[in-house]
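Asks: Pasting entry01.cif below, which is mmCIF, C-alpha atoms.
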```cif
data_structure
#
loop_
_atom_site.label_atom_id
_atom_site.label_comp_id
_atom_site.auth_asym_id
_atom_site.auth_seq_id
_atom_site.Cartn_x
_atom_site.Cartn_y
_atom_site.Cartn_z
CA MET I 496 0.00 0.00 0.00
CA GLU I 497 1.39 3.40 -0.95
CA SER I 498 1.74 6.16 1.61
CA ASN I 499 0.11 9.56 1.16
CA VAL I 500 2.44 11.09 3.74
CA THR I 501 3.73 14.51 2.74
CA SER I 502 6.20 15.02 5.58
CA GLY I 503 9.34 17.04 5.00
CA PRO I 504 12.92 15.81 4.90
CA PRO I 505 14.20 13.86 7.92
CA LEU I 506 15.14 15.99 10.91
CA PHE I 507 16.86 13.02 12.58
CA HIS I 508 19.38 10.90 10.72
CA ARG I 509 20.06 8.09 13.19
CA VAL I 510 17.22 6.89 15.40
CA LEU I 511 16.40 4.05 17.75
CA LEU I 512 12.83 2.78 17.37
CA LYS I 513 11.39 0.77 20.28
CA LEU I 514 8.58 -1.60 19.30
CA SER I 515 6.75 -3.42 22.08
CA GLY I 516 5.54 -6.96 21.57
CA GLU I 517 2.00 -5.53 21.34
CA SER I 518 3.07 -3.87 18.08
CA PHE I 519 3.11 -7.29 16.43
CA CYS I 520 -0.48 -8.30 17.21
CA ARG I 521 -3.98 -6.88 17.03
CA PRO I 522 -5.25 -4.94 20.09
CA GLY I 523 -6.30 -7.29 22.86
CA GLU I 524 -4.78 -10.32 21.17
CA GLY I 525 -1.50 -12.19 21.35
CA GLY I 526 0.74 -13.95 18.89
CA ILE I 527 1.78 -12.41 15.59
CA SER I 528 -0.50 -10.68 13.11
CA LEU I 529 1.10 -10.64 9.66
CA GLU I 530 -1.03 -7.61 8.83
CA GLU I 531 0.46 -5.65 11.75
CA VAL I 532 4.00 -6.79 10.93
CA SER I 533 3.51 -5.68 7.33
CA ARG I 534 2.22 -2.29 8.52
CA ILE I 535 5.38 -1.75 10.57
CA ALA I 536 7.60 -2.93 7.72
CA ARG I 537 6.04 -0.58 5.17
CA GLN I 538 6.54 2.45 7.38
CA THR I 539 10.08 1.60 8.46
CA ALA I 540 11.17 0.68 4.93
CA ARG I 541 10.01 4.09 3.68
CA VAL I 542 12.00 5.76 6.45
CA ALA I 543 15.14 3.79 5.57
CA ALA I 544 14.67 4.67 1.88
CA ARG I 545 14.96 8.35 2.86
CA GLY I 546 18.46 7.77 4.18
CA VAL I 547 17.63 7.50 7.88
CA GLN I 548 19.86 5.12 9.83
CA LEU I 549 17.42 2.98 11.78
CA ALA I 550 17.95 0.53 14.66
CA ILE I 551 14.90 -1.25 16.08
CA VAL I 552 14.65 -2.86 19.53
CA VAL I 553 11.79 -5.37 19.65
CA GLY I 554 9.87 -6.62 22.67
CA GLY I 555 8.21 -10.00 23.06
CA GLY I 556 5.17 -9.49 25.26
CA ASN I 557 2.78 -10.63 22.53
CA ILE I 558 4.27 -14.11 22.89
CA LEU I 559 5.46 -14.31 26.50
CA ARG I 560 6.13 -11.92 29.37
CA GLY I 561 8.73 -13.42 31.65
CA ALA I 562 7.73 -11.40 34.72
CA GLN I 563 4.10 -12.51 34.42
CA LEU I 564 4.98 -16.16 33.84
CA SER I 565 6.93 -16.48 37.07
CA ARG I 566 4.59 -14.40 39.22
CA GLY I 567 2.90 -16.45 41.93
CA SER I 568 4.46 -19.73 40.80
CA ASP I 569 7.52 -21.76 41.76
CA VAL I 570 7.42 -24.00 38.68
CA VAL I 571 9.58 -21.74 36.50
CA LYS I 572 12.27 -19.68 38.21
CA GLU I 573 12.05 -15.94 37.67
CA ALA I 574 15.41 -15.72 35.90
CA THR I 575 14.41 -18.58 33.59
CA ALA I 576 11.13 -16.84 32.77
CA HIS I 577 13.02 -13.70 31.79
CA TYR I 578 15.26 -15.70 29.46
CA MET I 579 12.14 -17.22 27.92
CA GLY I 580 10.82 -13.71 27.33
CA MET I 581 14.10 -12.76 25.65
CA THR I 582 13.83 -15.64 23.19
CA ALA I 583 10.27 -14.50 22.36
CA THR I 584 11.73 -11.23 21.04
CA VAL I 585 13.71 -13.21 18.47
CA ILE I 586 10.50 -14.59 16.96
CA ASN I 587 9.26 -11.04 16.46
CA GLY I 588 12.64 -9.99 15.09
CA LEU I 589 12.64 -12.77 12.51
CA ALA I 590 9.13 -11.86 11.37
CA LEU I 591 10.03 -8.19 11.04
CA GLN I 592 13.24 -9.01 9.18
CA ASP I 593 11.43 -11.01 6.50
CA ALA I 594 8.70 -8.38 6.20
CA LEU I 595 11.28 -5.61 5.74
CA GLU I 596 13.19 -7.60 3.15
CA LYS I 597 9.93 -8.19 1.27
CA GLU I 598 9.76 -4.37 1.05
CA GLY I 599 13.24 -4.33 -0.48
CA CYS I 600 14.99 -3.19 2.70
CA ALA I 601 18.42 -4.55 3.67
CA THR I 602 18.46 -5.77 7.28
CA ARG I 603 20.52 -7.46 9.95
CA LEU I 604 19.10 -9.22 13.00
CA GLN I 605 21.38 -9.11 16.03
CA THR I 606 20.98 -10.76 19.42
CA THR I 607 22.76 -10.51 22.75
CA ILE I 608 22.25 -14.25 23.26
CA ARG I 609 24.16 -16.19 20.62
CA MET I 610 21.94 -17.81 17.98
CA ASP I 611 24.44 -18.17 15.17
CA GLU I 612 22.15 -20.04 12.79
CA ILE I 613 19.59 -17.24 12.62
CA ALA I 614 21.20 -14.00 13.79
CA GLU I 615 24.46 -12.15 14.28
CA PRO I 616 25.76 -11.50 17.80
CA PHE I 617 25.36 -7.89 18.84
CA ILE I 618 28.71 -6.16 18.36
CA ARG I 619 28.57 -2.38 18.58
CA ARG I 620 31.07 -1.68 15.80
CA ARG I 621 29.38 -4.15 13.48
CA ALA I 622 25.97 -2.62 14.17
CA LEU I 623 27.34 0.85 13.42
CA THR I 624 28.81 -0.38 10.13
CA HIS I 625 25.44 -1.84 9.12
CA LEU I 626 23.71 1.47 9.92
CA GLU I 627 26.26 3.45 7.93
CA ARG I 628 25.70 1.13 4.96
CA GLY I 629 21.96 1.73 5.04
CA ARG I 630 20.85 -1.53 6.65
CA VAL I 631 18.10 -1.61 9.25
CA VAL I 632 19.47 -3.26 12.40
CA ILE I 633 16.90 -5.27 14.37
CA LEU I 634 17.97 -5.85 17.97
CA ALA I 635 16.43 -8.76 19.87
CA THR I 636 16.93 -10.43 23.30
CA GLY I 637 17.14 -7.10 25.12
CA THR I 638 20.38 -6.69 27.07
CA GLY I 639 20.86 -10.45 27.35
CA SER I 640 20.43 -10.32 31.12
CA PRO I 641 17.34 -11.18 33.20
CA PHE I 642 15.44 -8.59 35.24
CA VAL I 643 16.08 -5.88 32.62
CA THR I 644 13.27 -4.68 30.35
CA THR I 645 13.51 -4.13 26.61
CA ASP I 646 12.76 -0.45 27.35
CA THR I 647 16.03 -0.28 29.24
CA ALA I 648 17.73 -2.15 26.39
CA ALA I 649 16.40 0.51 23.99
CA ALA I 650 17.80 3.33 26.14
CA LEU I 651 21.15 1.56 26.37
CA ARG I 652 21.40 0.81 22.64
CA GLY I 653 20.23 4.30 21.75
CA LYS I 654 23.19 5.79 23.59
CA GLU I 655 25.60 3.09 22.48
CA LEU I 656 24.76 3.55 18.79
CA GLY I 657 24.69 7.34 18.90
CA ALA I 658 20.98 7.74 18.15
CA GLU I 659 19.67 11.30 18.11
CA VAL I 660 16.29 10.29 19.52
CA LEU I 661 14.56 7.25 20.97
CA LEU I 662 11.19 6.72 19.28
CA LYS I 663 8.80 4.91 21.59
CA ALA I 664 5.98 3.46 19.48
CA THR I 665 2.62 3.10 21.22
CA ARG I 666 -1.02 2.64 20.27
CA VAL I 667 -2.08 6.02 21.74
CA ASP I 668 -1.10 9.53 20.64
CA GLY I 669 1.51 10.12 23.35
CA VAL I 670 1.75 10.47 27.13
CA TYR I 671 -1.47 11.38 28.94
CA SER I 672 -2.27 12.52 32.48
CA ALA I 673 -4.35 9.33 32.83
CA ASP I 674 -5.18 6.28 30.73
CA PRO I 675 -7.01 7.77 27.70
CA GLU I 676 -8.70 4.44 27.01
CA LYS I 677 -10.37 4.65 30.42
CA ASN I 678 -10.60 8.39 31.08
CA PRO I 679 -12.00 10.55 28.25
CA HIS I 680 -10.82 13.68 30.09
CA ALA I 681 -7.15 12.64 30.12
CA VAL I 682 -4.83 15.40 28.89
CA LEU I 683 -2.18 14.76 26.24
CA TYR I 684 1.21 16.23 27.12
CA GLU I 685 3.15 17.85 24.28
CA HIS I 686 6.41 18.18 26.23
CA LEU I 687 7.66 16.65 29.48
CA THR I 688 10.99 16.81 31.27
CA TYR I 689 12.60 13.62 32.57
CA ASP I 690 12.06 14.84 36.13
CA GLN I 691 8.32 15.24 35.52
CA VAL I 692 8.11 11.69 34.23
CA LEU I 693 10.06 10.31 37.19
CA ARG I 694 8.23 12.44 39.79
CA ASP I 695 4.74 11.63 38.54
CA GLU I 696 5.61 8.04 37.51
CA LEU I 697 4.04 8.60 34.11
CA LYS I 698 3.71 5.57 31.88
CA VAL I 699 6.38 6.38 29.31
CA MET I 700 9.01 3.70 29.83
CA ASP I 701 10.22 1.95 32.96
CA LEU I 702 11.99 4.22 35.42
CA THR I 703 15.42 2.68 34.81
CA ALA I 704 15.13 3.49 31.11
CA ILE I 705 14.01 7.07 31.85
CA GLY I 706 16.91 7.54 34.25
CA MET I 707 19.35 6.27 31.63
CA CYS I 708 17.96 8.64 29.00
CA LEU I 709 18.23 11.52 31.49
CA GLU I 710 21.83 10.68 32.33
CA ASN I 711 22.80 10.39 28.66
CA HIS I 712 20.69 13.33 27.37
CA LEU I 713 18.81 11.04 24.97
CA PRO I 714 15.40 12.54 24.08
CA ILE I 715 12.34 10.31 23.81
CA LEU I 716 9.41 10.79 21.46
CA VAL I 717 6.30 8.82 22.40
CA PHE I 718 3.89 8.60 19.49
CA ASN I 719 1.10 6.54 17.93
CA PHE I 720 2.69 4.39 15.24
CA LYS I 721 -0.68 2.83 14.35
CA ARG I 722 -1.51 5.95 12.35
CA GLU I 723 -0.13 5.32 8.88
CA GLY I 724 2.90 7.50 8.18
CA ASN I 725 3.50 8.58 11.78
CA ILE I 726 7.00 7.11 11.90
CA GLU I 727 7.92 9.31 8.94
CA ARG I 728 6.23 12.33 10.53
CA ALA I 729 8.10 11.74 13.79
CA ILE I 730 11.46 11.58 12.03
CA ALA I 731 10.62 14.69 10.00
CA GLY I 732 10.14 16.59 13.27
CA GLU I 733 6.41 17.18 12.91
CA PRO I 734 4.68 18.09 16.21
CA ILE I 735 3.15 14.70 16.99
CA GLY I 736 3.27 12.70 20.20
CA THR I 737 4.99 13.69 23.44
CA TRP I 738 8.57 14.95 23.52
CA VAL I 739 10.45 13.91 26.68
CA SER I 740 13.61 15.92 27.24
CA ASN I 741 14.99 18.79 29.27
CA LYS I 742 15.45 20.66 25.99
CA PRO I 743 12.74 21.99 23.67
CA ARG I 744 11.52 19.85 20.82
CA PRO I 745 13.55 20.61 17.67
CA ARG I 746 11.62 21.97 14.73
CA PRO I 747 12.27 21.66 11.01
CA SER I 748 14.11 24.68 9.59
#
```
Please lay out the structure from this file as structure tokens.
Replies:
Amino acid sequence: MESNVTSGPPLFHRVLLKLSGESFCRPGEGGISLEEVSRIARQTARVAARGVQLAIVVGGGNILRGAQLSRGSDVVKEATAHYMGMTATVINGLALQDALEKEGCATRLQTTIRMDEIAEPFIRRRALTHLERGRVVILATGTGSPFVTTDTAAALRGKELGAEVLLKATRVDGVYSADPEKNPHAVLYEHLTYDQVLRDELKVMDLTAIGMCLENHLPILVFNFKREGNIERAIAGEPIGTWVSNKPRPRPS
């Protein structure tokens, strides 16, 4: 399907896109929806075609959430459950890789847990080379350690790879004062500082990830990727979503 997006040239040239596991399935469902994967692939392939260097950290909650699996049970140890959740992200990464390549986009799938038959090990210099050569780098298995969320992995990789912004893809239009799906009077924030997010415990990313972005001066843009073309609009600097930073949102010149 062709895009009717008329956004301007990219404002950001190297970005880290965080996709939750929920991005890969229909609302309220689990597993993988090929329609949703194709939607993501179309948007990200168009972004890459405009010369944007794009790394994508994928979650795995549509398949398995390690923290939930181990909660209230002694059958599976908590650390084991987290490793199971990490392997779930690889399934999403493989699906996204094939969908992107179907769109004509060069990709590399990298993991922090070695899976040599299906993915490269994450090596920072190798990932940077792929980005510089125009390949989309898909990053699975989080940090490779239990008890660490893929949000924190996204904040870490964003800094490590020199991303200019961390794009947090959600199914709502940004960060609200309350859950907009439950409270019709919830207010959408256009701009928040890291301290506001931490103080009010707003549902942006987990607090460790927010703290890491604060420490490393990595801005976050929370936006609704379900709206066709919004990834392109976000990278073009259009005023969508919620900008989280101690500095003003940059505007196109």
Asks: Which one of I:Asn557, I:Val667, I:Leu716, I:Asn741 sits closest to Asp690 (chain I) if you count all atoms listed in the file?
Replies: I:Asn741
Asks: Could you tell me which residues the PyMOL selection byres ((chain I and resi 719) around 12) returns for this structure, as an mmCIF file with C-alpha atoms, in the frame of the given file?
Replies:
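Contents of result06.cif, freshly written:
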```cif
data_model
loop_
_atom_site.group_PDB
_atom_site.id
_atom_site.type_symbol
_atom_site.label_atom_id
_atom_site.label_comp_id
_atom_site.auth_asym_id
_atom_site.auth_seq_id
_atom_site.Cartn_x
_atom_site.Cartn_y
_atom_site.Cartn_z
ATOM 1 C CA LEU I 514 8.580 -1.600 19.300
ATOM 2 C CA SER I 518 3.070 -3.870 18.080
ATOM 3 C CA ILE I 535 5.380 -1.750 10.570
ATOM 4 C CA LEU I 662 11.190 6.720 19.280
ATOM 5 C CA LYS I 663 8.800 4.910 21.590
ATOM 6 C CA ALA I 664 5.980 3.460 19.480
ATOM 7 C CA THR I 665 2.620 3.100 21.220
ATOM 8 C CA ARG I 666 -1.020 2.640 20.270
ATOM 9 C CA VAL I 667 -2.080 6.020 21.740
ATOM 10 C CA ASP I 668 -1.100 9.530 20.640
ATOM 11 C CA GLY I 669 1.510 10.120 23.350
ATOM 12 C CA VAL I 670 1.750 10.470 27.130
ATOM 13 C CA LEU I 716 9.410 10.790 21.460
ATOM 14 C CA VAL I 717 6.300 8.820 22.400
ATOM 15 C CA PHE I 718 3.890 8.600 19.490
ATOM 16 C CA PHE I 720 2.690 4.390 15.240
ATOM 17 C CA LYS I 721 -0.680 2.830 14.350
ATOM 18 C CA ARG I 722 -1.510 5.950 12.350
ATOM 19 C CA GLU I 723 -0.130 5.320 8.880
ATOM 20 C CA GLY I 724 2.900 7.500 8.180
ATOM 21 C CA ASN I 725 3.500 8.580 11.780
ATOM 22 C CA ILE I 726 7.000 7.110 11.900
ATOM 23 C CA GLU I 727 7.920 9.310 8.940
ATOM 24 C CA ARG I 728 6.230 12.330 10.530
ATOM 25 C CA ALA I 729 8.100 11.740 13.790
ATOM 26 C CA ILE I 735 3.150 14.700 16.990
ATOM 27 C CA GLY I 736 3.270 12.700 20.200
ATOM 28 C CA THR I 737 4.990 13.690 23.440
#
```
Asks: Could you give me, as a list in words, the residues within 6 Å of Pro616 (chain I), counting only C-alpha atoms and dropping anything in the same chain fewer than 4 positions from it?
Replies: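 Once the adjacent positions are removed, what remains is Gln605, Thr606, Thr607 and Arg609 of chain I.
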Asks: Once you count only C-alpha atoms, which residues end up no further than 6 Å from (16.1, 4.5, 21.8) in the file's frame, shown as a ChimeraX atom specification?
Replies: /I:511-512,649-650,653,661-662
Asks: Which is closest to Phe519 (chain I) among I:Asp569, I:Thr584, I:His686, I:Leu713, if we use all atoms listed in the file?
Replies: I:Thr584
Asks: Which residues come within 9 Å of Leu623 (chain I), counting only C-alpha atoms, excluding same-chain residues fewer than 5 positions away, as JSON, numbers by chain?
Replies: {"I": [618, 628, 632, 656, 657]}
Asks: Calculate how many Å separate CA of Thr647 (chain I) from CA of Gly546 (chain I), rounding to one decimal.
Replies: 26.4 Å
Asks: Between I:Val570, I:Leu529, I:Ala576, I:Ala543, which has the minimum distance to Phe642 (chain I) (counting only C-alpha atoms)?
Replies: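 Of all the options, I:Ala576 lies closest to Phe642 (chain I).
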Asks: What's the separation between CA of Gly580 (chain I) and CA of Val699 (chain I), in Å to one decimal place?
Replies: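 Going from CA of Gly580 (chain I) over to CA of Val699 (chain I) covers 20.7 Å.
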Asks: Provide the CA of Ala544 (chain I) to CA of Lys513 (chain I) distance in Å, to one decimal place.
Replies: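 Spanning CA of Ala544 (chain I) to CA of Lys513 (chain I) is a straight-line distance of 19.1 Å.
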Asks: When you look at region 501-509 of chain I with a cut-off of 7 Å (counting only C-alpha atoms), what residues show up, excluding the ones that are within fewer than 4 positions of it in the same chain? I need them as a PyMOL selection string.
Replies: chain I and resi 547-549+658-659+727-728+730-732+747
Asks: So what does the PyMOL selection byres ((chain I and resi 526) around 12) actually pick up in this one, as a list in words?
Replies: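 After applying the PyMOL selection byres ((chain I and resi 526) around 12), what remains is Gly516, Glu517, Ser518, Phe519, Cys520, Arg521, Pro522, Gly523, Glu524, Gly525, Ile527, Ser528, Leu529, Glu531, Val532, Gly555, Gly556, Asn557, Ile558, Leu559, Arg560, Ala583, Thr584, Ile586, Asn587 and Ala590 of chain I.
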Asks: Write out as number ranges by chain the residues lying within 12 Å of Leu709 (chain I), counting all atoms listed in the file and excluding same-chain residues fewer than 5 positions away.
Replies: I: 650-651, 654, 661, 687-693, 702-704, 714-715, 739-742
Asks: Tell me which of I:Val571, I:Val585, I:Val682, I:Ala550 sits closest to His625 (chain I), counting all atoms listed in the file.
Replies: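 Using all atoms listed in the file, the shortest distance to His625 (chain I) belongs to I:Ala550.
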Asks: Starting from the displayed file, determine the output of the PyMOL selection byres ((chain I and resi 599) around 12) and express the residue list as JSON, numbers by chain.
Replies: {"I": [536, 537, 539, 540, 541, 543, 544, 592, 593, 594, 595, 596, 597, 598, 600, 601, 602, 629, 630, 631]}
Asks: Neighbours of Ala681 (chain I) within 7 Å (all atoms listed in the file; same-chain residues fewer than 4 positions away dropped), as a ChimeraX atom specification?
Replies: /I:671-675
Asks: Could those residues be written to a file, using C-alpha atoms, as a PDB file, in the coordinates of the input?
Replies:
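The result, stored in again-v1.pdb:
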```pdb
ATOM      1  CA  TYR I 671      -1.470  11.380  28.940  1.00  0.00           C
ATOM      2  CA  SER I 672      -2.270  12.520  32.480  1.00  0.00           C
ATOM      3  CA  ALA I 673      -4.350   9.330  32.830  1.00  0.00           C
ATOM      4  CA  ASP I 674      -5.180   6.280  30.730  1.00  0.00           C
ATOM      5  CA  PRO I 675      -7.010   7.770  27.700  1.00  0.00           C
TER       6      PRO I 675
END
```
Asks: With N, CA and C atoms as the goal, would you fill in the gaps in region 688-724 of chain I and present it as a compact mmCIF listing (two decimals), in the coordinates of the input?
Replies:
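Result file is out07.txt:
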```txt
# COMPACT_ATOMS: atom_id res chain seq x y z
N THR I 688 9.60 17.00 30.91
CA THR I 688 10.99 16.81 31.27
C THR I 688 11.13 15.41 31.88
N TYR I 689 12.36 14.93 31.95
CA TYR I 689 12.60 13.62 32.57
C TYR I 689 12.15 13.65 34.02
N ASP I 690 12.42 14.75 34.71
CA ASP I 690 12.06 14.84 36.13
C ASP I 690 10.55 14.75 36.32
N GLN I 691 9.79 15.35 35.43
CA GLN I 691 8.32 15.24 35.52
C GLN I 691 7.87 13.79 35.38
N VAL I 692 8.47 13.09 34.44
CA VAL I 692 8.11 11.69 34.23
C VAL I 692 8.44 10.86 35.45
N LEU I 693 9.64 11.07 36.01
CA LEU I 693 10.06 10.31 37.19
C LEU I 693 9.22 10.67 38.41
N ARG I 694 8.98 11.97 38.61
CA ARG I 694 8.23 12.44 39.79
C ARG I 694 6.81 11.92 39.79
N ASP I 695 6.15 12.01 38.63
CA ASP I 695 4.74 11.63 38.54
C ASP I 695 4.54 10.18 38.13
N GLU I 696 5.66 9.45 37.91
CA GLU I 696 5.61 8.04 37.51
C GLU I 696 4.67 7.84 36.32
N LEU I 697 4.86 8.68 35.31
CA LEU I 697 4.04 8.60 34.11
C LEU I 697 4.45 7.38 33.29
N LYS I 698 3.48 6.81 32.62
CA LYS I 698 3.71 5.57 31.88
C LYS I 698 4.34 5.87 30.52
N VAL I 699 5.63 6.14 30.54
CA VAL I 699 6.38 6.38 29.31
C VAL I 699 7.20 5.15 29.01
N MET I 700 8.18 4.90 29.86
CA MET I 700 9.01 3.70 29.83
C MET I 700 9.30 3.37 31.29
N ASP I 701 9.93 2.25 31.57
CA ASP I 701 10.22 1.95 32.96
C ASP I 701 11.23 2.97 33.50
N LEU I 702 11.23 3.13 34.81
CA LEU I 702 11.99 4.22 35.42
C LEU I 702 13.49 4.09 35.20
N THR I 703 13.99 2.86 35.10
CA THR I 703 15.42 2.68 34.81
C THR I 703 15.76 3.24 33.45
N ALA I 704 14.90 2.98 32.46
CA ALA I 704 15.13 3.49 31.11
C ALA I 704 15.08 5.01 31.08
N ILE I 705 14.12 5.60 31.80
CA ILE I 705 14.01 7.07 31.85
C ILE I 705 15.27 7.66 32.49
N GLY I 706 15.71 7.05 33.59
CA GLY I 706 16.91 7.54 34.25
C GLY I 706 18.13 7.46 33.34
N MET I 707 18.22 6.41 32.54
CA MET I 707 19.35 6.27 31.63
C MET I 707 19.30 7.33 30.53
N CYS I 708 18.10 7.60 30.02
CA CYS I 708 17.96 8.64 29.00
C CYS I 708 18.30 10.02 29.58
N LEU I 709 17.90 10.27 30.82
CA LEU I 709 18.23 11.52 31.49
C LEU I 709 19.74 11.68 31.62
N GLU I 710 20.39 10.63 32.10
CA GLU I 710 21.83 10.68 32.33
C GLU I 710 22.60 10.90 31.02
N ASN I 711 22.08 10.33 29.93
CA ASN I 711 22.80 10.39 28.66
C ASN I 711 22.23 11.43 27.70
N HIS I 712 21.26 12.25 28.18
CA HIS I 712 20.69 13.33 27.37
C HIS I 712 20.09 12.80 26.06
N LEU I 713 19.44 11.65 26.15
CA LEU I 713 18.81 11.04 24.97
C LEU I 713 17.32 11.37 25.00
N PRO I 714 16.83 12.21 24.09
CA PRO I 714 15.40 12.54 24.08
C PRO I 714 14.55 11.35 23.65
N ILE I 715 13.30 11.36 24.12
CA ILE I 715 12.34 10.31 23.81
C ILE I 715 11.14 10.96 23.14
N LEU I 716 10.66 10.35 22.07
CA LEU I 716 9.41 10.79 21.46
C LEU I 716 8.43 9.64 21.51
N VAL I 717 7.34 9.84 22.27
CA VAL I 717 6.30 8.82 22.40
C VAL I 717 5.19 9.18 21.43
N PHE I 718 4.86 8.27 20.53
CA PHE I 718 3.89 8.60 19.49
C PHE I 718 3.09 7.36 19.08
N ASN I 719 1.99 7.61 18.37
CA ASN I 719 1.10 6.54 17.93
C ASN I 719 1.54 6.05 16.54
N PHE I 720 2.20 4.90 16.51
CA PHE I 720 2.69 4.39 15.24
C PHE I 720 1.58 3.70 14.44
N LYS I 721 0.42 3.48 15.06
CA LYS I 721 -0.68 2.83 14.35
C LYS I 721 -1.26 3.73 13.26
N ARG I 722 -1.05 5.03 13.40
CA ARG I 722 -1.51 5.95 12.35
C ARG I 722 -0.52 5.89 11.20
N GLU I 723 -1.00 5.51 10.04
CA GLU I 723 -0.13 5.32 8.88
C GLU I 723 0.69 6.58 8.61
N GLY I 724 2.01 6.39 8.48
CA GLY I 724 2.90 7.50 8.18
C GLY I 724 3.45 8.22 9.39
```
